[in-house]
$ cat data_4.txt   # compact mmCIF, C-alpha atoms
# COMPACT_ATOMS: atom_id res chain seq x y z
CA MET A 521 121.63 52.65 79.60
CA THR A 522 121.62 51.43 83.15
CA SER A 523 118.94 49.10 84.53
CA THR A 524 117.68 51.98 86.69
CA THR A 525 117.23 54.17 83.61
CA ARG A 526 115.57 51.32 81.73
CA THR A 527 113.16 50.67 84.62
CA ALA A 528 112.29 54.35 84.92
CA GLU A 529 111.60 54.55 81.19
CA GLN A 530 109.45 51.40 81.28
CA GLY A 531 107.54 52.86 84.23
CA ASP A 532 106.71 55.86 82.06
CA LEU A 533 105.30 53.73 79.23
CA ARG A 534 101.65 54.28 78.44
CA SER A 535 99.34 52.49 76.07
CA ARG A 536 97.63 54.62 73.46
CA LEU A 537 94.24 53.15 74.27
CA PRO A 538 92.72 51.51 77.34
CA ASP A 539 92.06 47.77 77.57
CA PRO A 540 89.61 46.87 74.79
CA SER A 541 87.75 44.43 77.05
CA GLN A 542 86.10 47.37 78.82
CA PHE A 543 84.35 48.17 75.51
CA PHE A 544 84.12 44.64 74.11
CA PRO A 545 83.96 42.02 76.89
CA GLU A 546 83.60 39.29 74.25
CA VAL A 547 87.25 39.85 73.27
CA THR A 548 88.21 37.91 76.39
CA SER A 549 86.06 34.96 75.24
CA ILE A 550 87.50 35.14 71.72
CA ALA A 551 91.05 35.17 73.08
CA GLY A 552 90.27 32.25 75.40
CA ALA A 553 88.77 30.23 72.55
CA MET A 554 91.82 30.89 70.37
CA ILE A 555 94.15 29.78 73.16
CA LYS A 556 92.13 26.62 73.71
CA ALA A 557 92.13 25.85 69.98
CA VAL A 558 95.90 26.14 69.58
CA GLN A 559 96.65 24.23 72.79
CA ASN A 560 95.03 21.03 71.52
CA GLY A 561 98.28 19.06 71.69
CA SER A 562 98.67 18.39 67.97
CA ILE A 563 101.85 20.48 67.76
CA PRO A 564 104.27 21.45 70.53
CA GLN A 565 103.51 24.71 72.33
CA ILE A 566 107.16 25.65 71.80
CA THR A 567 106.56 25.57 68.04
CA ILE A 568 103.56 27.86 68.47
CA GLY A 569 105.67 30.22 70.57
CA LEU A 570 108.47 30.26 67.98
CA VAL A 571 105.99 30.95 65.17
CA GLN A 572 104.30 33.73 67.10
CA LEU A 573 107.66 35.25 68.06
CA ARG A 574 108.64 35.29 64.40
CA ALA A 575 105.32 36.96 63.53
CA GLY A 576 106.00 39.68 66.10
CA GLN A 577 109.47 40.21 64.66
CA ILE A 578 108.20 40.39 61.08
CA VAL A 579 105.59 43.06 61.83
CA GLY A 580 107.92 44.98 64.14
CA SER A 581 105.84 44.56 67.29
CA THR A 582 107.85 45.06 70.46
CA TYR A 583 104.83 43.98 72.49
CA HIS A 584 104.50 40.61 70.75
CA THR A 585 108.24 40.05 70.57
CA VAL A 586 108.64 40.65 74.32
CA ARG A 587 105.52 38.63 75.16
CA GLN A 588 106.48 35.59 73.09
CA THR A 589 110.12 35.70 74.22
CA ASP A 590 108.98 35.78 77.85
CA GLY A 591 106.64 32.82 77.26
CA LEU A 592 109.39 30.78 75.61
CA ARG A 593 111.78 31.52 78.47
CA LYS A 594 109.18 30.52 81.05
CA ALA A 595 108.67 27.27 79.12
CA GLY A 596 112.41 26.57 79.52
CA GLU A 597 113.37 27.24 75.93
CA ALA A 598 117.10 27.68 75.26
CA GLU A 599 118.23 31.28 74.88
CA GLU A 600 120.13 30.41 71.69
CA ARG A 601 116.93 29.19 70.02
CA ILE A 602 114.93 32.23 71.12
CA THR A 603 117.60 34.61 69.88
CA ALA A 604 118.06 32.74 66.61
CA VAL A 605 114.39 32.89 65.57
CA ALA A 606 115.15 36.08 63.64
CA SER A 607 117.81 34.23 61.63
CA TRP A 608 116.26 30.75 61.70
CA ARG A 609 117.18 29.88 58.10
CA ASP A 610 120.88 29.49 58.87
CA ALA A 611 120.65 28.71 62.59
CA PRO A 612 121.41 25.10 63.59
CA TYR A 613 118.88 25.05 66.45
CA PHE A 614 115.60 24.15 64.79
CA THR A 615 114.00 20.91 63.66
CA ASP A 616 112.75 20.50 60.11
CA ALA A 617 109.16 20.76 61.38
CA GLU A 618 109.94 24.02 63.20
CA ARG A 619 111.69 25.38 60.12
CA VAL A 620 108.69 24.76 57.89
CA ALA A 621 106.40 26.36 60.52
CA LEU A 622 108.64 29.43 60.62
CA GLU A 623 108.74 29.53 56.83
CA LEU A 624 104.96 29.31 56.73
CA VAL A 625 104.44 32.29 59.07
CA GLU A 626 106.95 34.29 57.03
CA ALA A 627 105.11 33.40 53.83
CA VAL A 628 101.76 34.48 55.30
CA LEU A 629 103.07 37.79 56.66
CA SER A 630 105.50 38.80 53.90
CA PRO A 631 104.23 40.37 50.70
CA ASN A 632 105.02 38.46 47.54
CA PRO A 633 104.31 40.58 44.47
CA PHE A 634 105.48 37.77 42.17
CA GLY A 635 103.17 34.92 43.13
CA GLU A 636 101.12 33.36 45.85
CA ARG A 637 102.41 33.65 49.37
CA VAL A 638 102.01 29.98 50.27
CA PRO A 639 102.91 28.00 47.15
CA ASP A 640 102.04 24.32 46.74
CA GLU A 641 105.66 23.34 47.39
CA LEU A 642 105.65 25.00 50.83
CA TYR A 643 102.27 23.48 51.66
CA ALA A 644 103.59 20.04 50.62
CA ARG A 645 106.60 20.40 52.91
CA ALA A 646 104.38 21.53 55.78
CA SER A 647 101.98 18.62 55.25
CA ALA A 648 104.95 16.22 55.31
CA HIS A 649 105.60 17.30 58.93
CA TYR A 650 102.07 17.98 60.16
CA ASP A 651 98.84 16.02 59.78
CA GLU A 652 95.60 17.85 58.96
CA LYS A 653 94.75 18.68 62.58
CA ALA A 654 98.27 19.91 63.23
CA LEU A 655 98.22 22.02 60.05
CA TRP A 656 94.94 23.59 61.14
CA THR A 657 96.46 24.21 64.57
CA LEU A 658 99.42 25.93 62.98
CA ILE A 659 97.09 28.00 60.78
CA LEU A 660 95.04 28.98 63.84
CA ALA A 661 98.22 29.86 65.78
CA ILE A 662 99.20 32.21 62.95
CA GLY A 663 95.64 33.57 62.88
CA GLN A 664 95.71 34.06 66.64
CA ILE A 665 98.78 36.28 66.53
CA CYS A 666 97.44 38.08 63.45
CA PHE A 667 94.21 38.86 65.34
CA PHE A 668 96.26 40.72 67.96
CA ILE A 669 98.82 42.40 65.65
CA PRO A 670 96.65 45.49 65.00
CA VAL A 671 95.98 45.74 68.74
CA ALA A 672 99.72 45.77 69.45
CA LEU A 673 100.65 48.15 66.64
CA ILE A 674 97.82 50.65 67.11
CA ALA A 675 96.77 50.49 70.78
CA LYS A 676 100.33 49.78 71.95
CA PRO A 677 99.80 47.70 75.10
CA ILE A 678 102.76 48.01 77.45
CA PRO A 679 105.44 45.37 76.72
CA GLY A 680 106.39 43.05 79.53
CA ARG A 681 103.33 43.69 81.65
CA PRO A 682 100.91 40.84 82.41
CA LEU A 683 97.59 40.64 80.63
CA GLY A 684 95.01 42.80 82.34
CA ARG A 685 97.74 45.21 83.48
CA ASN A 686 99.25 46.04 80.11
CA TYR A 687 96.97 49.01 79.41
CA ASN A 688 96.53 52.31 81.20
CA ALA A 689 93.10 52.91 82.67

$ encode --input "data_4.txt" --output "structure tokens"
Amino acid sequence: MTSTTRTAEQGDLRSRLPDPSQFFPEVTSIAGAMIKAVQNGSIPQITIGLVQLRAGQIVGSTYHTVRQTDGLRKAGEAEERITAVASWRDAPYFTDAERVALELVEAVLSPNPFGERVPDELYARASAHYDEKALWTLILAIGQICFFIPVALIAKPIPGRPLGRNYNA
């Protein structure tokens, strides 16, 4: 596929639904409050971006995967680390704190028919890297992406378009 073909196809993309803020203006306030909560400085924004990228990958959301990848690139994140998020367990690019954060989002979003999703052992490893405020921040970062997963999977906002322009009128 040439870049011209790719651009033409992306130009033809349409969301299934219009921007939800036209029906629910409070969604903008909710989103803003979530952003403010997770940007409190207790964990690096890169870690939040990596966790939210992994969440998008797990649920198969092109919108979230493109959005988080773009954010990480704009933050100056190395391409190797962005690409390796999908295979983080054997990739040499992540700190122990990032690894436990990625493991935590996988545990939350992956069914476990044989036990609890976040066992005490995983919680203990996470709490060894993050204090209580940072753990809550990580939990809220996972909750933030989970709030928008149904939006991405059902309404299908247009990947790669800026907020406010990612839905058809």

$ residues_around --input "data_4.txt" --residues "Gly576 (chain A)" --least-positions-apart "6" --cutoff "10 Å" --atoms "all atoms listed in the file" --output "PyMOL selection string"
chain A and resi 570+582-589+665-666+668-669+672

$ residues_around --input "data_4.txt" --residues "region 675-685 of chain A" --least-positions-apart "4" --cutoff "12 Å" --atoms "only C-alpha atoms" --output "NGL selection string"
:A and (527 or 529-542 or 548 or 551 or 580-591 or 668-671 or 689)

$ residues_around --input "data_4.txt" --residues "region 599-602 of chain A" --least-positions-apart "2" --cutoff "7 Å" --atoms "only C-alpha atoms" --output "PyMOL selection string"
chain A and resi 589+597+604-605+613

$ write_last_selection --input "data_4.txt" --atoms "C-alpha atoms" --output "PDB file, keeping the file's coordinate frame"
ATOM      1  CA  THR A 589     110.120  35.700  74.220  1.00  0.00           C
ATOM      2  CA  GLU A 597     113.370  27.240  75.930  1.00  0.00           C
ATOM      3  CA  ALA A 604     118.060  32.740  66.610  1.00  0.00           C
ATOM      4  CA  VAL A 605     114.390  32.890  65.570  1.00  0.00           C
ATOM      5  CA  TYR A 613     118.880  25.050  66.450  1.00  0.00           C
TER       6      TYR A 613
END

$ closest_residue --input "data_4.txt" --among "A:Glu618, A:Glu546, A:Ser630, A:Thr603" --to "Gln565 (chain A)" --atoms "all atoms listed in the file"
A:Glu618

$ atom_distance --input "data_4.txt" --atom1 "CA of Gln559 (chain A)" --atom2 "CA of Leu673 (chain A)"
25.0 Å

$ residues_around --input "data_4.txt" --residues "Gln664 (chain A)" --least-positions-apart "3" --cutoff "9 Å" --atoms "all atoms listed in the file" --output "NGL selection string"
:A and (551 or 554-555 or 558 or 572 or 659-661 or 667-669)

$ atom_distance --input "data_4.txt" --atom1 "CA of Trp608 (chain A)" --atom2 "CA of Leu622 (chain A)"
7.8 Å

$ residues_around --input "data_4.txt" --residues "region 637-644 of chain A" --least-positions-apart "3" --cutoff "8 Å" --atoms "only C-alpha atoms" --output "PyMOL selection string"
chain A and resi 620+624+627-628+630-632+647-648

$ atom_distance --input "data_4.txt" --atom1 "CA of Val547 (chain A)" --atom2 "CA of Glu623 (chain A)"
29.0 Å

$ axis_aligned_box --input "data_4.txt" --around "region 613-623 of chain A" --padding-each-side "3 Å" --output "AutoDock Vina command-line options"
--center_x 112.6 --center_y 25.0 --center_z 61.6 --size_x 18.5 --size_y 15.0 --size_z 15.6

$ decode --input "data_4.txt" --residues "region 558-684 of chain A" --atoms "C-alpha atoms" --output "PDB file, in the first residue's frame"
ATOM      1  CA  VAL A 558      -3.280  10.959  36.521  1.00  0.00           C
ATOM      2  CA  GLN A 559      -0.943  13.878  35.834  1.00  0.00           C
ATOM      3  CA  ASN A 560      -0.251  14.484  39.521  1.00  0.00           C
ATOM      4  CA  GLY A 561       3.461  13.733  39.183  1.00  0.00           C
ATOM      5  CA  SER A 562       3.568  10.620  41.357  1.00  0.00           C
ATOM      6  CA  ILE A 563       4.497   8.393  38.408  1.00  0.00           C
ATOM      7  CA  PRO A 564       6.115   9.344  35.104  1.00  0.00           C
ATOM      8  CA  GLN A 565       3.724  10.250  32.287  1.00  0.00           C
ATOM      9  CA  ILE A 566       5.706   7.877  30.073  1.00  0.00           C
ATOM     10  CA  THR A 567       4.687   5.004  32.359  1.00  0.00           C
ATOM     11  CA  ILE A 568       1.050   6.055  32.043  1.00  0.00           C
ATOM     12  CA  GLY A 569       1.410   6.180  28.263  1.00  0.00           C
ATOM     13  CA  LEU A 570       3.012   2.723  28.161  1.00  0.00           C
ATOM     14  CA  VAL A 571       0.262   1.270  30.360  1.00  0.00           C
ATOM     15  CA  GLN A 572      -2.484   2.846  28.286  1.00  0.00           C
ATOM     16  CA  LEU A 573      -0.837   1.697  25.048  1.00  0.00           C
ATOM     17  CA  ARG A 574      -0.759  -1.847  26.400  1.00  0.00           C
ATOM     18  CA  ALA A 575      -4.440  -1.563  27.350  1.00  0.00           C
ATOM     19  CA  GLY A 576      -5.288  -0.503  23.798  1.00  0.00           C
ATOM     20  CA  GLN A 577      -3.327  -3.443  22.420  1.00  0.00           C
ATOM     21  CA  ILE A 578      -4.988  -5.940  24.768  1.00  0.00           C
ATOM     22  CA  VAL A 579      -8.525  -4.904  23.832  1.00  0.00           C
ATOM     23  CA  GLY A 580      -7.677  -4.575  20.139  1.00  0.00           C
ATOM     24  CA  SER A 581      -8.408  -0.860  19.869  1.00  0.00           C
ATOM     25  CA  THR A 582      -6.718   0.753  16.889  1.00  0.00           C
ATOM     26  CA  TYR A 583      -7.895   4.146  18.114  1.00  0.00           C
ATOM     27  CA  HIS A 584      -6.220   3.821  21.524  1.00  0.00           C
ATOM     28  CA  THR A 585      -3.128   2.141  20.125  1.00  0.00           C
ATOM     29  CA  VAL A 586      -2.595   4.938  17.589  1.00  0.00           C
ATOM     30  CA  ARG A 587      -3.435   7.651  20.137  1.00  0.00           C
ATOM     31  CA  GLN A 588      -1.082   6.365  22.830  1.00  0.00           C
ATOM     32  CA  THR A 589       1.714   5.639  20.341  1.00  0.00           C
ATOM     33  CA  ASP A 590       1.434   9.190  19.004  1.00  0.00           C
ATOM     34  CA  GLY A 591       1.547  10.616  22.544  1.00  0.00           C
ATOM     35  CA  LEU A 592       4.629   8.576  23.428  1.00  0.00           C
ATOM     36  CA  ARG A 593       6.393   9.685  20.252  1.00  0.00           C
ATOM     37  CA  LYS A 594       5.569  13.334  20.930  1.00  0.00           C
ATOM     38  CA  ALA A 595       6.997  12.888  24.436  1.00  0.00           C
ATOM     39  CA  GLY A 596      10.274  11.740  22.843  1.00  0.00           C
ATOM     40  CA  GLU A 597       9.940   8.083  23.729  1.00  0.00           C
ATOM     41  CA  ALA A 598      12.290   5.702  21.896  1.00  0.00           C
ATOM     42  CA  GLU A 599      10.698   3.817  19.013  1.00  0.00           C
ATOM     43  CA  GLU A 600      12.130   0.525  20.301  1.00  0.00           C
ATOM     44  CA  ARG A 601      10.284   0.920  23.609  1.00  0.00           C
ATOM     45  CA  ILE A 602       7.011   1.861  21.927  1.00  0.00           C
ATOM     46  CA  THR A 603       7.211  -1.089  19.563  1.00  0.00           C
ATOM     47  CA  ALA A 604       8.223  -3.503  22.316  1.00  0.00           C
ATOM     48  CA  VAL A 605       5.246  -2.756  24.588  1.00  0.00           C
ATOM     49  CA  ALA A 606       3.390  -5.666  22.969  1.00  0.00           C
ATOM     50  CA  SER A 607       6.225  -8.022  23.955  1.00  0.00           C
ATOM     51  CA  TRP A 608       7.378  -6.238  27.116  1.00  0.00           C
ATOM     52  CA  ARG A 609       8.019  -9.437  29.105  1.00  0.00           C
ATOM     53  CA  ASP A 610      11.122 -10.345  27.123  1.00  0.00           C
ATOM     54  CA  ALA A 611      12.096  -6.883  25.882  1.00  0.00           C
ATOM     55  CA  PRO A 612      15.186  -5.329  27.503  1.00  0.00           C
ATOM     56  CA  TYR A 613      13.836  -1.758  27.338  1.00  0.00           C
ATOM     57  CA  PHE A 614      11.727  -1.409  30.472  1.00  0.00           C
ATOM     58  CA  THR A 615      12.480  -0.681  34.109  1.00  0.00           C
ATOM     59  CA  ASP A 616      11.232  -2.996  36.840  1.00  0.00           C
ATOM     60  CA  ALA A 617       8.629  -0.373  37.814  1.00  0.00           C
ATOM     61  CA  GLU A 618       7.379  -0.143  34.216  1.00  0.00           C
ATOM     62  CA  ARG A 619       7.257  -3.930  33.963  1.00  0.00           C
ATOM     63  CA  VAL A 620       5.076  -4.274  37.043  1.00  0.00           C
ATOM     64  CA  ALA A 621       2.789  -1.492  35.739  1.00  0.00           C
ATOM     65  CA  LEU A 622       2.444  -3.316  32.413  1.00  0.00           C
ATOM     66  CA  GLU A 623       1.812  -6.583  34.238  1.00  0.00           C
ATOM     67  CA  LEU A 624      -0.847  -4.890  36.346  1.00  0.00           C
ATOM     68  CA  VAL A 625      -2.783  -3.558  33.331  1.00  0.00           C
ATOM     69  CA  GLU A 626      -2.586  -7.001  31.723  1.00  0.00           C
ATOM     70  CA  ALA A 627      -3.905  -8.601  34.903  1.00  0.00           C
ATOM     71  CA  VAL A 628      -6.827  -6.162  35.076  1.00  0.00           C
ATOM     72  CA  LEU A 629      -7.805  -6.583  31.417  1.00  0.00           C
ATOM     73  CA  SER A 630      -7.142 -10.294  30.903  1.00  0.00           C
ATOM     74  CA  PRO A 631      -9.644 -12.882  32.088  1.00  0.00           C
ATOM     75  CA  ASN A 632      -8.336 -15.341  34.644  1.00  0.00           C
ATOM     76  CA  PRO A 633     -10.768 -18.219  35.093  1.00  0.00           C
ATOM     77  CA  PHE A 634      -8.458 -19.863  37.640  1.00  0.00           C
ATOM     78  CA  GLY A 635      -8.132 -17.182  40.292  1.00  0.00           C
ATOM     79  CA  GLU A 636      -8.158 -13.510  41.019  1.00  0.00           C
ATOM     80  CA  ARG A 637      -6.807 -11.207  38.361  1.00  0.00           C
ATOM     81  CA  VAL A 638      -4.546  -9.200  40.662  1.00  0.00           C
ATOM     82  CA  PRO A 639      -3.109 -11.652  43.190  1.00  0.00           C
ATOM     83  CA  ASP A 640      -1.417 -10.528  46.400  1.00  0.00           C
ATOM     84  CA  GLU A 641       2.005 -11.331  44.929  1.00  0.00           C
ATOM     85  CA  LEU A 642       1.493  -8.912  42.018  1.00  0.00           C
ATOM     86  CA  TYR A 643       0.137  -6.241  44.359  1.00  0.00           C
ATOM     87  CA  ALA A 644       3.184  -6.703  46.622  1.00  0.00           C
ATOM     88  CA  ARG A 645       5.556  -6.249  43.684  1.00  0.00           C
ATOM     89  CA  ALA A 646       3.662  -3.153  42.541  1.00  0.00           C
ATOM     90  CA  SER A 647       3.714  -1.663  46.048  1.00  0.00           C
ATOM     91  CA  ALA A 648       7.475  -2.250  46.197  1.00  0.00           C
ATOM     92  CA  HIS A 649       7.858   0.186  43.269  1.00  0.00           C
ATOM     93  CA  TYR A 650       5.024   2.621  43.930  1.00  0.00           C
ATOM     94  CA  ASP A 651       3.866   4.336  47.116  1.00  0.00           C
ATOM     95  CA  GLU A 652       0.137   4.578  47.884  1.00  0.00           C
ATOM     96  CA  LYS A 653      -0.427   7.764  45.883  1.00  0.00           C
ATOM     97  CA  ALA A 654       1.475   6.360  42.919  1.00  0.00           C
ATOM     98  CA  LEU A 655      -0.484   3.084  43.110  1.00  0.00           C
ATOM     99  CA  TRP A 656      -3.740   5.036  43.106  1.00  0.00           C
ATOM    100  CA  THR A 657      -2.450   7.051  40.160  1.00  0.00           C
ATOM    101  CA  LEU A 658      -1.660   3.865  38.280  1.00  0.00           C
ATOM    102  CA  ILE A 659      -5.105   2.465  39.134  1.00  0.00           C
ATOM    103  CA  LEU A 660      -6.746   5.686  37.917  1.00  0.00           C
ATOM    104  CA  ALA A 661      -4.649   5.616  34.713  1.00  0.00           C
ATOM    105  CA  ILE A 662      -5.943   2.105  34.026  1.00  0.00           C
ATOM    106  CA  GLY A 663      -9.467   3.263  34.904  1.00  0.00           C
ATOM    107  CA  GLN A 664      -9.108   6.253  32.603  1.00  0.00           C
ATOM    108  CA  ILE A 665      -8.311   4.118  29.572  1.00  0.00           C
ATOM    109  CA  CYS A 666     -10.997   1.607  30.570  1.00  0.00           C
ATOM    110  CA  PHE A 667     -13.572   4.430  30.674  1.00  0.00           C
ATOM    111  CA  PHE A 668     -12.832   5.165  27.015  1.00  0.00           C
ATOM    112  CA  ILE A 669     -12.442   1.575  25.736  1.00  0.00           C
ATOM    113  CA  PRO A 670     -16.172   1.106  25.008  1.00  0.00           C
ATOM    114  CA  VAL A 671     -16.193   4.483  23.256  1.00  0.00           C
ATOM    115  CA  ALA A 672     -13.349   3.374  20.994  1.00  0.00           C
ATOM    116  CA  LEU A 673     -14.693  -0.104  20.302  1.00  0.00           C
ATOM    117  CA  ILE A 674     -18.335   0.839  19.744  1.00  0.00           C
ATOM    118  CA  ALA A 675     -18.390   4.456  18.501  1.00  0.00           C
ATOM    119  CA  LYS A 676     -15.100   4.037  16.608  1.00  0.00           C
ATOM    120  CA  PRO A 677     -13.595   7.538  16.710  1.00  0.00           C
ATOM    121  CA  ILE A 678     -11.219   8.088  13.810  1.00  0.00           C
ATOM    122  CA  PRO A 679      -7.644   7.027  14.681  1.00  0.00           C
ATOM    123  CA  GLY A 680      -4.950   9.645  14.371  1.00  0.00           C
ATOM    124  CA  ARG A 681      -7.269  12.628  14.383  1.00  0.00           C
ATOM    125  CA  PRO A 682      -7.057  15.196  17.190  1.00  0.00           C
ATOM    126  CA  LEU A 683      -9.669  15.260  19.918  1.00  0.00           C
ATOM    127  CA  GLY A 684     -12.696  17.238  18.824  1.00  0.00           C
TER     128      GLY A 684
END
